[in-house]
Number of protein chains: 2
Amino acid sequence: MRILLAGLLAATALPVTAQPTQDPDARIAALRTDALSDDMAWRITEDLTTEVGQRLAGTEAEARARAWAVRRLTAMGFAKVRIEDFPMPVWQRGRESAELVGPYPQKLVVAALGNSAATPASGITAEVVNFPDVEALRAAPTEQVRGKIVYIGHAMPRTEDGSGYGVFGAPRRQGPTVASQKGAIGIVIRSIGTDREHRNPHTGVMNFADGATPIPAGALSNPDADQLERILARGQRPTLRLTLESTVNQGRSGNVIAEVPGRDPNAAPVLVSCHLDSWDLGTGALDDAAGCGIVTAAAKRIMDAGMPARPIRIVWFGAEEVGLFGGLDYRAKYGKQPHHAIMESDFGADRIWKVDSRLGKEREAEARRLQRMLQPLGIVPGSLTETEGSDIGPMVADGLPGAALSQDGTRYFDIHHSPDDTMAVVDKKQMQQNVAAWTTAVAVLAGPVEARPQPTRRRAR
Amino acid sequence: MRILLAGLLAATALPVTAQPTQDPDARIAALRTDALSDDMAWRITEDLTTEVGQRLAGTEAEARARAWAVRRLTAMGFAKVRIEDFPMPVWQRGRESAELVGPYPQKLVVAALGNSAATPASGITAEVVNFPDVEALRAAPTEQVRGKIVYIGHAMPRTEDGSGYGVFGAPRRQGPTVASQKGAIGIVIRSIGTDREHRNPHTGVMNFADGATPIPAGALSNPDADQLERILARGQRPTLRLTLESTVNQGRSGNVIAEVPGRDPNAAPVLVSCHLDSWDLGTGALDDAAGCGIVTAAAKRIMDAGMPARPIRIVWFGAEEVGLFGGLDYRAKYGKQPHHAIMESDFGADRIWKVDSRLGKEREAEARRLQRMLQPLGIVPGSLTETEGSDIGPMVADGLPGAALSQDGTRYFDIHHSPDDTMAVVDKKQMQQNVAAWTTAVAVLAGPVEARPQPTRRRAR
């Protein structure tokens with residue numbers, strides 16, 4: 001019913017932006033301006049995080065999210081709405097706690113990292129041995145680590161481009177493996193998060209390297225890491241009781257796919273994407289319901305304005321957080337087919353400050369036009385030879401053409417993977433700038449948006 | 001050993017501020033300036049919150065805090081250091097969780113309020129019925145509430161003087177009683193806290209009125225309250241499973257008392273105070289380790305500068321949070337004795353912006369001098385007929401003379417009674433301004449600080 005109504009409205013009130021007489025740049029500028037008062041991205045983000053909440057990959061909650069997504073994308077009038085599912089191992093947290101039993105008995109706030117081994121219900125108890133970073137742990141003699149619980153500090157700084165996540169994410173990605181290889185019975189790291197005052201831990205996935213025995217691995221909130229470091233700085237040798245229960249089962253995830261038809265149905269599509277799954281501690285508003293809201297609102301705006309030259313393919317990937325399962329499934333099915341451009345929004349919803357692209361030398365004019373059309377939004381031109389994305393990362397590595405709209409990540413890692421990732425931290429005004437940027441980019445890349453061809457009336461028989 | 005050393009240093013390097021030839025105002029000004037680089041208050045606050053951590057009233061942790069306090073106050077060279085203990089009922093939280101089981105299944109973050117009734121281990125499950133404030137709940141027909149779990153919103157705003165805590169604290173103080181009287185089986189309130197983005201609930205004490213059956217009562221974090229309100233705003237009737245385990249036992253708390261001798265040992269003392277206990281969710285850095293740090297550093301600065309006319313009595317009250325037990329015990333023992341002034345620091349450590357006092361008409365000159373000496377710290381003169389304090393509140397009500405240094409409370413209730421109350425939120429620069437203000441106030445009220453009388457040398461026998 002809502003589809004029919006939307007179609008009717010589109011037919012009766014054809015937006016000015018689709019008038020074929022207008023200059024193409026002026027049409028895109030009008031779409032861009034309209035998108036600055038967008039409400040759709042916010043509504044998708046709010047509705048998904050409210051009506052589903054957290055949606056950990058492979059769980060019943062993520063399946064509810066897929067069903068929700070199909071209903072919403074269908075109601076919005078997109079074509080070919082479908083789920084493409086796939087099997088995956090599903091790690092889920094259970095009860096968890098951390099407690100110093102000496103010399104200063106007190107509780108600390110901890111969350112298990114994804115794929116942490118489970119402790120017994122009574123926990124594990126051992127002396128904490130302190131390392132400033134993974135390199136120091138690697139350099140430590142085995143006898144210093146064996147039988148202990150490793151702690152790694154290595155506080156991550158804020159940066160606009162979020163690049164600190166690389167080197168400062170090492171304690172989470174490599175720390176557990178190195179600790180295990182040296183005989184540690186567990187590991188706690190300082191959260192890979194840039195907030196300093198809030199007692200919320202940041203989780204995230206890690207994988208033990210081949211041959212490393214899985215051990216329990218958790219993240220302390222930043223204030224709890226400070227507390228442990230203060231105790232260590234007093235020359236004490238604290239003993240920690242760590243309880244991290246968890247389970248692993250086989251389950252299914254899936255990608256939700258929808259399309260905006262193009263005037264040339266055989267043209268290579270523009271892929272706009274996000275991920276539907278979230279970590280389990282928050283409701284995944286910034287990571288990544290917002291991304292789904294933004295790219296979907298942009299595609300809807302193009303569709304409402306008329307018909308682009310090329311199809312737009314919307315993908316809400318499943319199971320990104322725990323290993324890009326959705327991106328890899330899509331790549332296996334579609335990665336050899338031509339794509340005009342692949343793009344993903346997965347870095348929150350704060351203002352976009354930079355555009356990168358890699359469309360190829362022969363499409364430099366298109367890439368420069370993309371840069372130029374984004375400048376009125378305060379977006380600086382970046383690389384013409386590099387692009388990026390999370391789920392689409394493997395296809396970017398394969399060499400598919402693409403573009404990337406970089407959000408301001410200054411506060412992104414204050415919130416990332418923590419219980420604080422809820423609607424309360426989404427900034428609507430900045431999200432609207434994202435929708436305007438995405439609408440502009442998709443309008444450029446999907447080709448001129450023109451009035452939808454009128455359906456031929458059936459003659460009376 | 002540290003005491004002897006401190007005494008030696010005081011004797012060999014008598015501060016310039018204690019030179020009897022100086023003008024009294026100038027001596028106080030010098031003490032004030034020195035205190036702006038104070039490190040003692042920070043050290044007391046950091047050491048207490050690190051080496052003890054949380055110290056819920058009546059628990060083993062609070063007893064450890066008292067032992068710690070006696071060691072520290074003795075080492076600092078104060079006189080008559082002692083514990084005065086008393087019995088009290090001790091409520092302690094156990095496992096707690098809140099989960100919407102329909103229509104949108106998801107977990108919410110909750111903390112039991114102090115004195116909440118315990119649920120069974122399997123929790124209680126009922127429909128949530130929504131009220132904007134306590135008055136609306138009071139006005140509701142019983143049949144609307146019976147058998148349900150009440151929710152009360154009523155979001156508290158930030159104010160400099162913290163006065164929102166009065167009327168916006170009503171859901172916590174009266175909500176559970178009113179809900180119980182109307183037959184509710186439980187209640188969850190929006191946290192009485194002014195942060196909006198962090199998923200940390202604010203606990204606090206409440207007491208069921210006579211005749212009201214205790215029911216389970218918890219506080220949701222502000223983002224979780226927003227989430228519940230969004231669901232209610234969609235016209236849904238959410239069902240909540242609430243688990244709040246807790247225990248009540250008899251225990252003991254106590255006040256820790258120390259003194260700075262005055263030149264006239266019979267003069268009425270100046271009481272400077274704080275509370276040693278904290279809520280159990282954070283480490284009670286702002287509430288109220290900082291208060292103990294500030295008043296104790298001020299007293300120590302006076303003591304190191306010489307000897308005041310009147311004794312200074314330092315009290316670190318026990319069991320403030322759960323019902324002013326320490327203040328009432330002190331009042332029962334000392335409340336009929338004359339006090340020159342009673343004061344307490346229990347509102348964090350952000351800058352002091354106002355001084356109130358109630359010293360009596362005949363001491364107006366002293367009160368005005370107090371105002372004048374504080375002005376260089378940016379402190380505005382307040383009332384001459386009103387003062388306040390938490391533990392000392394009953395004695396203020398009895399009419400004892402006193403003064404109050406009001407901290408800027410703008411962000412105090414962002415943190416108050418939540419897991420975020422740790423060293424990470426203490427601002428050292430502002431804390432130093434507090435120490436300077438307290439040193440000034442105590443120097444004015446305890447009378448001129450003069451060189452300590454030299455001990456008479458014993459003659460050789």
# chains A, B, ... in the order shown; residues from 1 in each chain; ligands from 1
$ interface_residues --of "chain A" --to "chain B" --cutoff "6 Å" --atoms "only C-alpha atoms" --output "PDB file with all heavy atoms, in the first residue's frame"
ATOM      1  N   GLU A  51      13.556  -0.741  17.026  1.00  0.00           N
ATOM      2  CA  GLU A  51      12.639  -1.873  16.843  1.00  0.00           C
ATOM      3  C   GLU A  51      13.372  -3.208  16.805  1.00  0.00           C
ATOM      4  O   GLU A  51      12.758  -4.255  16.974  1.00  0.00           O
ATOM      5  CB  GLU A  51      11.804  -1.641  15.573  1.00  0.00           C
ATOM      6  CG  GLU A  51      10.924  -0.400  15.736  1.00  0.00           C
ATOM      7  CD  GLU A  51      10.228   0.060  14.454  1.00  0.00           C
ATOM      8  OE1 GLU A  51      10.172  -0.723  13.485  1.00  0.00           O
ATOM      9  OE2 GLU A  51       9.737   1.212  14.442  1.00  0.00           O
ATOM     10  N   VAL A  52      14.687  -3.152  16.596  1.00  0.00           N
ATOM     11  CA  VAL A  52      15.494  -4.378  16.684  1.00  0.00           C
ATOM     12  C   VAL A  52      16.512  -4.254  17.817  1.00  0.00           C
ATOM     13  O   VAL A  52      16.671  -5.169  18.615  1.00  0.00           O
ATOM     14  CB  VAL A  52      16.202  -4.690  15.352  1.00  0.00           C
ATOM     15  CG1 VAL A  52      17.045  -5.955  15.492  1.00  0.00           C
ATOM     16  CG2 VAL A  52      15.175  -4.864  14.232  1.00  0.00           C
ATOM     17  N   TYR A 104      44.604  -4.549  46.348  1.00  0.00           N
ATOM     18  CA  TYR A 104      43.522  -3.591  46.612  1.00  0.00           C
ATOM     19  C   TYR A 104      42.257  -4.167  46.006  1.00  0.00           C
ATOM     20  O   TYR A 104      41.954  -3.906  44.831  1.00  0.00           O
ATOM     21  CB  TYR A 104      43.845  -2.239  45.965  1.00  0.00           C
ATOM     22  CG  TYR A 104      45.184  -1.651  46.357  1.00  0.00           C
ATOM     23  CD1 TYR A 104      46.037  -1.103  45.395  1.00  0.00           C
ATOM     24  CD2 TYR A 104      45.590  -1.605  47.692  1.00  0.00           C
ATOM     25  CE1 TYR A 104      47.255  -0.532  45.745  1.00  0.00           C
ATOM     26  CE2 TYR A 104      46.817  -1.041  48.044  1.00  0.00           C
ATOM     27  CZ  TYR A 104      47.641  -0.517  47.076  1.00  0.00           C
ATOM     28  OH  TYR A 104      48.852   0.052  47.423  1.00  0.00           O
ATOM     29  N   GLU A 197      36.851   9.064  30.036  1.00  0.00           N
ATOM     30  CA  GLU A 197      36.149   9.324  31.296  1.00  0.00           C
ATOM     31  C   GLU A 197      34.999   8.370  31.567  1.00  0.00           C
ATOM     32  O   GLU A 197      34.414   8.425  32.635  1.00  0.00           O
ATOM     33  CB  GLU A 197      35.605  10.765  31.283  1.00  0.00           C
ATOM     34  CG  GLU A 197      36.695  11.799  31.154  1.00  0.00           C
ATOM     35  CD  GLU A 197      36.189  13.219  31.290  1.00  0.00           C
ATOM     36  OE1 GLU A 197      34.974  13.421  31.473  1.00  0.00           O
ATOM     37  OE2 GLU A 197      37.021  14.139  31.208  1.00  0.00           O
ATOM     38  N   HIS A 198      34.671   7.539  30.578  1.00  0.00           N
ATOM     39  CA  HIS A 198      33.472   6.727  30.749  1.00  0.00           C
ATOM     40  C   HIS A 198      33.821   5.269  30.929  1.00  0.00           C
ATOM     41  O   HIS A 198      34.684   4.733  30.276  1.00  0.00           O
ATOM     42  CB  HIS A 198      32.510   6.953  29.592  1.00  0.00           C
ATOM     43  CG  HIS A 198      32.038   8.367  29.586  1.00  0.00           C
ATOM     44  ND1 HIS A 198      31.126   8.829  30.498  1.00  0.00           N
ATOM     45  CD2 HIS A 198      32.426   9.426  28.866  1.00  0.00           C
ATOM     46  CE1 HIS A 198      30.952  10.115  30.318  1.00  0.00           C
ATOM     47  NE2 HIS A 198      31.732  10.516  29.336  1.00  0.00           N
ATOM     48  N   ARG A 199      33.069   4.642  31.813  1.00  0.00           N
ATOM     49  CA  ARG A 199      33.414   3.321  32.267  1.00  0.00           C
ATOM     50  C   ARG A 199      32.743   2.284  31.396  1.00  0.00           C
ATOM     51  O   ARG A 199      32.082   1.376  31.895  1.00  0.00           O
ATOM     52  CB  ARG A 199      32.924   3.217  33.699  1.00  0.00           C
ATOM     53  CG  ARG A 199      33.935   2.510  34.472  1.00  0.00           C
ATOM     54  CD  ARG A 199      34.527   3.173  35.608  1.00  0.00           C
ATOM     55  NE  ARG A 199      34.993   2.025  36.379  1.00  0.00           N
ATOM     56  CZ  ARG A 199      34.463   1.635  37.482  1.00  0.00           C
ATOM     57  NH1 ARG A 199      33.491   2.302  38.039  1.00  0.00           N
ATOM     58  NH2 ARG A 199      34.937   0.571  38.072  1.00  0.00           N
ATOM     59  N   ASP A 420      27.842   2.615  24.514  1.00  0.00           N
ATOM     60  CA  ASP A 420      27.393   3.981  24.213  1.00  0.00           C
ATOM     61  C   ASP A 420      26.965   4.173  22.767  1.00  0.00           C
ATOM     62  O   ASP A 420      26.532   5.277  22.407  1.00  0.00           O
ATOM     63  CB  ASP A 420      28.494   4.985  24.546  1.00  0.00           C
ATOM     64  CG  ASP A 420      28.682   5.147  26.043  1.00  0.00           C
ATOM     65  OD1 ASP A 420      27.746   4.828  26.790  1.00  0.00           O
ATOM     66  OD2 ASP A 420      29.762   5.582  26.463  1.00  0.00           O
ATOM     67  N   ALA A 424      21.558   8.186  20.991  1.00  0.00           N
ATOM     68  CA  ALA A 424      21.921   9.381  21.760  1.00  0.00           C
ATOM     69  C   ALA A 424      23.177  10.054  21.218  1.00  0.00           C
ATOM     70  O   ALA A 424      23.403  11.230  21.482  1.00  0.00           O
ATOM     71  CB  ALA A 424      22.116   9.019  23.234  1.00  0.00           C
ATOM     72  N   VAL A 425      24.004   9.335  20.471  1.00  0.00           N
ATOM     73  CA  VAL A 425      25.263   9.923  19.989  1.00  0.00           C
ATOM     74  C   VAL A 425      25.213  10.294  18.507  1.00  0.00           C
ATOM     75  O   VAL A 425      26.221  10.746  17.954  1.00  0.00           O
ATOM     76  CB  VAL A 425      26.469   8.988  20.258  1.00  0.00           C
ATOM     77  CG1 VAL A 425      26.680   8.823  21.755  1.00  0.00           C
ATOM     78  CG2 VAL A 425      26.298   7.624  19.589  1.00  0.00           C
TER      79      VAL A 425
END
$ select_by_dssp --residues "range 84-312 of chain A" --states "strand (DSSP E)" --output "PDB file with C-alpha atoms, in the first residue's frame"
ATOM      1  CA  GLU A  84      21.114 -13.805   0.395  1.00  0.00           C
ATOM      2  CA  ASP A  85      22.119 -15.842   3.401  1.00  0.00           C
ATOM      3  CA  PHE A  86      25.186 -17.853   4.316  1.00  0.00           C
ATOM      4  CA  PRO A  87      26.460 -20.016   7.199  1.00  0.00           C
ATOM      5  CA  MET A  88      28.956 -18.798   9.811  1.00  0.00           C
ATOM      6  CA  PRO A  89      30.257 -19.600  13.303  1.00  0.00           C
ATOM      7  CA  VAL A  90      28.532 -17.506  15.967  1.00  0.00           C
ATOM      8  CA  TRP A  91      30.387 -16.400  19.105  1.00  0.00           C
ATOM      9  CA  GLN A  92      28.228 -14.980  21.908  1.00  0.00           C
ATOM     10  CA  ARG A  93      29.226 -13.523  25.263  1.00  0.00           C
ATOM     11  CA  GLY A  94      27.869 -14.805  28.564  1.00  0.00           C
ATOM     12  CA  ARG A  95      28.434 -13.610  32.134  1.00  0.00           C
ATOM     13  CA  GLU A  96      31.579 -11.540  32.517  1.00  0.00           C
ATOM     14  CA  SER A  97      33.407  -9.822  35.359  1.00  0.00           C
ATOM     15  CA  ALA A  98      36.875  -8.741  36.432  1.00  0.00           C
ATOM     16  CA  GLU A  99      37.919  -8.330  40.021  1.00  0.00           C
ATOM     17  CA  LEU A 100      41.215  -7.481  41.645  1.00  0.00           C
ATOM     18  CA  VAL A 101      41.525  -9.842  44.575  1.00  0.00           C
ATOM     19  CA  GLY A 102      44.716  -8.173  45.839  1.00  0.00           C
ATOM     20  CA  GLN A 106      37.912  -4.046  43.755  1.00  0.00           C
ATOM     21  CA  LYS A 107      35.820  -4.701  40.680  1.00  0.00           C
ATOM     22  CA  LEU A 108      36.853  -3.544  37.223  1.00  0.00           C
ATOM     23  CA  VAL A 110      35.431  -5.638  31.412  1.00  0.00           C
ATOM     24  CA  ALA A 111      33.929  -6.978  28.181  1.00  0.00           C
ATOM     25  CA  ALA A 112      35.105 -10.061  26.331  1.00  0.00           C
ATOM     26  CA  ILE A 124      40.582 -17.705  36.204  1.00  0.00           C
ATOM     27  CA  THR A 125      42.821 -16.057  38.782  1.00  0.00           C
ATOM     28  CA  ALA A 126      46.428 -15.005  38.264  1.00  0.00           C
ATOM     29  CA  GLU A 127      48.934 -12.218  38.704  1.00  0.00           C
ATOM     30  CA  VAL A 128      48.744  -9.424  36.136  1.00  0.00           C
ATOM     31  CA  VAL A 129      51.876  -8.769  34.105  1.00  0.00           C
ATOM     32  CA  ASN A 130      52.050  -5.376  32.444  1.00  0.00           C
ATOM     33  CA  PHE A 131      53.175  -4.406  28.932  1.00  0.00           C
ATOM     34  CA  ILE A 149      47.243 -12.702  32.898  1.00  0.00           C
ATOM     35  CA  VAL A 150      48.774 -10.236  30.436  1.00  0.00           C
ATOM     36  CA  TYR A 151      47.754  -6.572  30.467  1.00  0.00           C
ATOM     37  CA  ILE A 152      48.530  -4.254  27.532  1.00  0.00           C
ATOM     38  CA  GLY A 186      44.435 -14.847  29.834  1.00  0.00           C
ATOM     39  CA  ILE A 187      44.737 -11.283  28.634  1.00  0.00           C
ATOM     40  CA  VAL A 188      43.036  -7.973  29.330  1.00  0.00           C
ATOM     41  CA  ILE A 189      43.775  -4.945  27.208  1.00  0.00           C
ATOM     42  CA  ARG A 190      42.984  -1.265  27.589  1.00  0.00           C
ATOM     43  CA  ALA A 217      40.614 -12.128  26.274  1.00  0.00           C
ATOM     44  CA  GLY A 218      38.838  -9.018  27.469  1.00  0.00           C
ATOM     45  CA  ALA A 219      38.943  -5.221  27.270  1.00  0.00           C
ATOM     46  CA  LEU A 220      38.875  -2.962  30.341  1.00  0.00           C
ATOM     47  CA  THR A 239      46.020 -10.479  41.179  1.00  0.00           C
ATOM     48  CA  LEU A 240      43.012 -10.556  38.869  1.00  0.00           C
ATOM     49  CA  ARG A 241      40.031 -12.874  38.818  1.00  0.00           C
ATOM     50  CA  LEU A 242      38.649 -12.835  35.278  1.00  0.00           C
ATOM     51  CA  THR A 243      35.362 -14.430  34.278  1.00  0.00           C
ATOM     52  CA  LEU A 244      34.452 -14.357  30.594  1.00  0.00           C
ATOM     53  CA  GLU A 245      31.822 -16.930  29.694  1.00  0.00           C
ATOM     54  CA  SER A 246      30.926 -17.411  26.042  1.00  0.00           C
ATOM     55  CA  THR A 247      29.574 -19.899  23.531  1.00  0.00           C
ATOM     56  CA  VAL A 248      30.245 -20.727  19.875  1.00  0.00           C
ATOM     57  CA  ASN A 249      27.643 -22.298  17.588  1.00  0.00           C
ATOM     58  CA  GLN A 250      26.949 -22.593  13.900  1.00  0.00           C
ATOM     59  CA  GLY A 251      24.420 -20.073  12.586  1.00  0.00           C
ATOM     60  CA  ARG A 252      23.437 -18.096   9.527  1.00  0.00           C
ATOM     61  CA  SER A 253      23.820 -14.484   8.511  1.00  0.00           C
ATOM     62  CA  GLY A 254      22.893 -12.817   5.245  1.00  0.00           C
ATOM     63  CA  ASN A 255      23.068  -9.763   3.032  1.00  0.00           C
ATOM     64  CA  VAL A 256      19.953  -7.726   2.313  1.00  0.00           C
ATOM     65  CA  ILE A 257      19.996  -6.417  -1.253  1.00  0.00           C
ATOM     66  CA  ALA A 258      17.737  -3.960  -3.077  1.00  0.00           C
ATOM     67  CA  GLU A 259      17.960  -2.065  -6.340  1.00  0.00           C
ATOM     68  CA  VAL A 260      17.045   1.184  -8.045  1.00  0.00           C
ATOM     69  CA  VAL A 270      26.786   1.589  -8.615  1.00  0.00           C
ATOM     70  CA  LEU A 271      27.033  -0.358  -5.343  1.00  0.00           C
ATOM     71  CA  VAL A 272      26.154   1.624  -2.186  1.00  0.00           C
ATOM     72  CA  SER A 273      26.525  -0.290   1.041  1.00  0.00           C
ATOM     73  CA  CYS A 274      26.689  -0.468   4.814  1.00  0.00           C
ATOM     74  CA  HIS A 275      26.460  -3.301   7.333  1.00  0.00           C
ATOM     75  CA  ILE A 312      21.991   1.489  -8.034  1.00  0.00           C
TER      76      ILE A 312
END
$ closest_residue --among "B:Ala285, B:Met343, B:Ala367, B:Ala441" --to "His416 in chain B" --atoms "only C-alpha atoms"
B:Ala285
$ residues_around --residues "Ala57 in chain A" --least-positions-apart "5" --cutoff "8 Å" --atoms "only C-alpha atoms" --output "PyMOL selection string"
chain A and resi 62+90+253+277-279+318-322
$ select_by_dssp --residues "range 305-368 of chain A" --states "helix (DSSP H, G or I)" --output "JSON, numbers by chain"
{"A": [305, 325, 326, 327, 328, 329, 330, 331, 332, 333, 334, 361, 362, 363, 364, 365, 366, 367, 368]}
$ residues_around --residues "range 442-450 of chain B" --least-positions-apart "4" --cutoff "7 Å" --atoms "only C-alpha atoms" --output "PyMOL selection string"
chain B and resi 18+20+24+28+270+302+305-312+370+438
$ write_last_selection --atoms "C-alpha atoms" --output "PDB file, in the first residue's frame"
ATOM      1  CA  ALA B  18      53.290  32.435  59.868  1.00  0.00           C
ATOM      2  CA  PRO B  20      53.679  37.279  63.303  1.00  0.00           C
ATOM      3  CA  PRO B  24      46.620  39.149  59.002  1.00  0.00           C
ATOM      4  CA  ILE B  28      45.794  34.670  54.536  1.00  0.00           C
ATOM      5  CA  VAL B 270      35.792  24.786  63.327  1.00  0.00           C
ATOM      6  CA  ILE B 302      46.939  25.745  58.229  1.00  0.00           C
ATOM      7  CA  ALA B 305      51.738  27.370  58.644  1.00  0.00           C
ATOM      8  CA  GLY B 306      51.568  27.581  62.410  1.00  0.00           C
ATOM      9  CA  MET B 307      48.741  27.296  64.928  1.00  0.00           C
ATOM     10  CA  PRO B 308      45.249  28.722  64.590  1.00  0.00           C
ATOM     11  CA  ALA B 309      43.435  30.342  67.501  1.00  0.00           C
ATOM     12  CA  ARG B 310      40.720  27.667  67.512  1.00  0.00           C
ATOM     13  CA  PRO B 311      40.960  23.895  66.990  1.00  0.00           C
ATOM     14  CA  ILE B 312      40.064  22.539  63.571  1.00  0.00           C
ATOM     15  CA  LEU B 370      35.185  35.663  54.771  1.00  0.00           C
ATOM     16  CA  TRP B 438      38.932  26.125  51.920  1.00  0.00           C
TER      17      TRP B 438
END
$ residues_around --residues "Phe413 in chain A" --least-positions-apart "5" --cutoff "9 Å" --atoms "only C-alpha atoms" --output "list of chain:residue names"
A:Met156, A:Arg158, A:Gly162, A:Tyr165, A:Ile192, A:Gly193, A:Thr194, A:Asp195, A:His202
$ residues_around --residues "Ala267 in chain A" --least-positions-apart "2" --cutoff "9 Å" --atoms "only C-alpha atoms" --output "PyMOL selection string"
chain A and resi 262-265+269+309-311+338-340
$ residues_around --residues "Gln337 in chain A" --least-positions-apart "3" --cutoff "10 Å" --atoms "only C-alpha atoms" --output "list in words"
Ala268, Pro269, Arg331, Lys333, Tyr334, His340 and Leu400 of chain A
$ write_last_selection --atoms "N, CA and C atoms" --output "compact mmCIF listing (two decimals), in the first residue's frame"
# COMPACT_ATOMS: atom_id res chain seq x y z
N ALA A 268 26.61 -1.52 -15.77
CA ALA A 268 27.20 -1.95 -14.49
C ALA A 268 26.63 -1.09 -13.37
N PRO A 269 26.28 -1.70 -12.26
CA PRO A 269 25.64 -0.93 -11.19
C PRO A 269 26.63 -0.12 -10.35
N ARG A 331 31.17 -10.88 -2.67
CA ARG A 331 32.30 -10.95 -3.61
C ARG A 331 32.31 -12.30 -4.34
N LYS A 333 29.83 -14.11 -5.07
CA LYS A 333 28.71 -14.19 -6.02
C LYS A 333 28.80 -13.16 -7.15
N TYR A 334 29.27 -11.95 -6.82
CA TYR A 334 29.18 -10.85 -7.79
C TYR A 334 30.52 -10.19 -8.09
N HIS A 340 30.24 -0.25 -11.77
CA HIS A 340 30.68 1.09 -12.18
C HIS A 340 31.46 1.75 -11.04
N LEU A 400 38.38 -3.42 -8.08
CA LEU A 400 37.13 -2.81 -8.57
C LEU A 400 37.17 -1.30 -8.38
$ closest_residue --among "A:Ala225, A:Ala117, A:Ala289, A:Val145" --to "Met206 in chain A" --atoms "only C-alpha atoms"
A:Ala117
$ closest_residue --among "B:Ala349, B:Ala437, B:Ala403, B:Val178" --to "Ile379 in chain B" --atoms "only C-alpha atoms"
B:Ala437
$ decode --residues "range 100-112 of chain A" --atoms "N, CA and C atoms" --output "PDB file, in the first residue's frame"
ATOM      1  N   LEU A 100      39.906  -7.380  41.009  1.00  0.00           N
ATOM      2  CA  LEU A 100      41.215  -7.481  41.645  1.00  0.00           C
ATOM      3  C   LEU A 100      41.001  -8.108  43.014  1.00  0.00           C
ATOM      4  N   VAL A 101      41.693  -9.210  43.259  1.00  0.00           N
ATOM      5  CA  VAL A 101      41.525  -9.842  44.575  1.00  0.00           C
ATOM      6  C   VAL A 101      42.638  -9.384  45.516  1.00  0.00           C
ATOM      7  N   GLY A 102      43.679  -8.745  44.995  1.00  0.00           N
ATOM      8  CA  GLY A 102      44.716  -8.173  45.839  1.00  0.00           C
ATOM      9  C   GLY A 102      45.657  -7.369  44.982  1.00  0.00           C
ATOM     10  N   PRO A 103      46.416  -6.421  45.546  1.00  0.00           N
ATOM     11  CA  PRO A 103      46.420  -6.052  46.962  1.00  0.00           C
ATOM     12  C   PRO A 103      45.278  -5.101  47.327  1.00  0.00           C
ATOM     13  N   TYR A 104      44.604  -4.549  46.348  1.00  0.00           N
ATOM     14  CA  TYR A 104      43.522  -3.591  46.612  1.00  0.00           C
ATOM     15  C   TYR A 104      42.257  -4.167  46.006  1.00  0.00           C
ATOM     16  N   PRO A 105      41.496  -4.953  46.748  1.00  0.00           N
ATOM     17  CA  PRO A 105      40.344  -5.661  46.175  1.00  0.00           C
ATOM     18  C   PRO A 105      39.309  -4.690  45.610  1.00  0.00           C
ATOM     19  N   GLN A 106      38.937  -4.877  44.363  1.00  0.00           N
ATOM     20  CA  GLN A 106      37.912  -4.046  43.755  1.00  0.00           C
ATOM     21  C   GLN A 106      37.530  -4.607  42.400  1.00  0.00           C
ATOM     22  N   LYS A 107      36.314  -4.249  41.976  1.00  0.00           N
ATOM     23  CA  LYS A 107      35.820  -4.701  40.680  1.00  0.00           C
ATOM     24  C   LYS A 107      36.271  -3.757  39.578  1.00  0.00           C
ATOM     25  N   LEU A 108      36.557  -4.331  38.414  1.00  0.00           N
ATOM     26  CA  LEU A 108      36.853  -3.544  37.223  1.00  0.00           C
ATOM     27  C   LEU A 108      35.787  -3.867  36.180  1.00  0.00           C
ATOM     28  N   VAL A 109      35.600  -2.953  35.234  1.00  0.00           N
ATOM     29  CA  VAL A 109      34.595  -3.171  34.181  1.00  0.00           C
ATOM     30  C   VAL A 109      35.286  -3.768  32.958  1.00  0.00           C
ATOM     31  N   VAL A 110      34.792  -4.902  32.506  1.00  0.00           N
ATOM     32  CA  VAL A 110      35.431  -5.638  31.412  1.00  0.00           C
ATOM     33  C   VAL A 110      34.373  -6.115  30.426  1.00  0.00           C
ATOM     34  N   ALA A 111      34.765  -6.289  29.172  1.00  0.00           N
ATOM     35  CA  ALA A 111      33.929  -6.978  28.181  1.00  0.00           C
ATOM     36  C   ALA A 111      34.830  -7.920  27.400  1.00  0.00           C
ATOM     37  N   ALA A 112      34.336  -9.111  27.129  1.00  0.00           N
ATOM     38  CA  ALA A 112      35.105 -10.061  26.331  1.00  0.00           C
ATOM     39  C   ALA A 112      35.279  -9.525  24.918  1.00  0.00           C
TER      40      ALA A 112
END
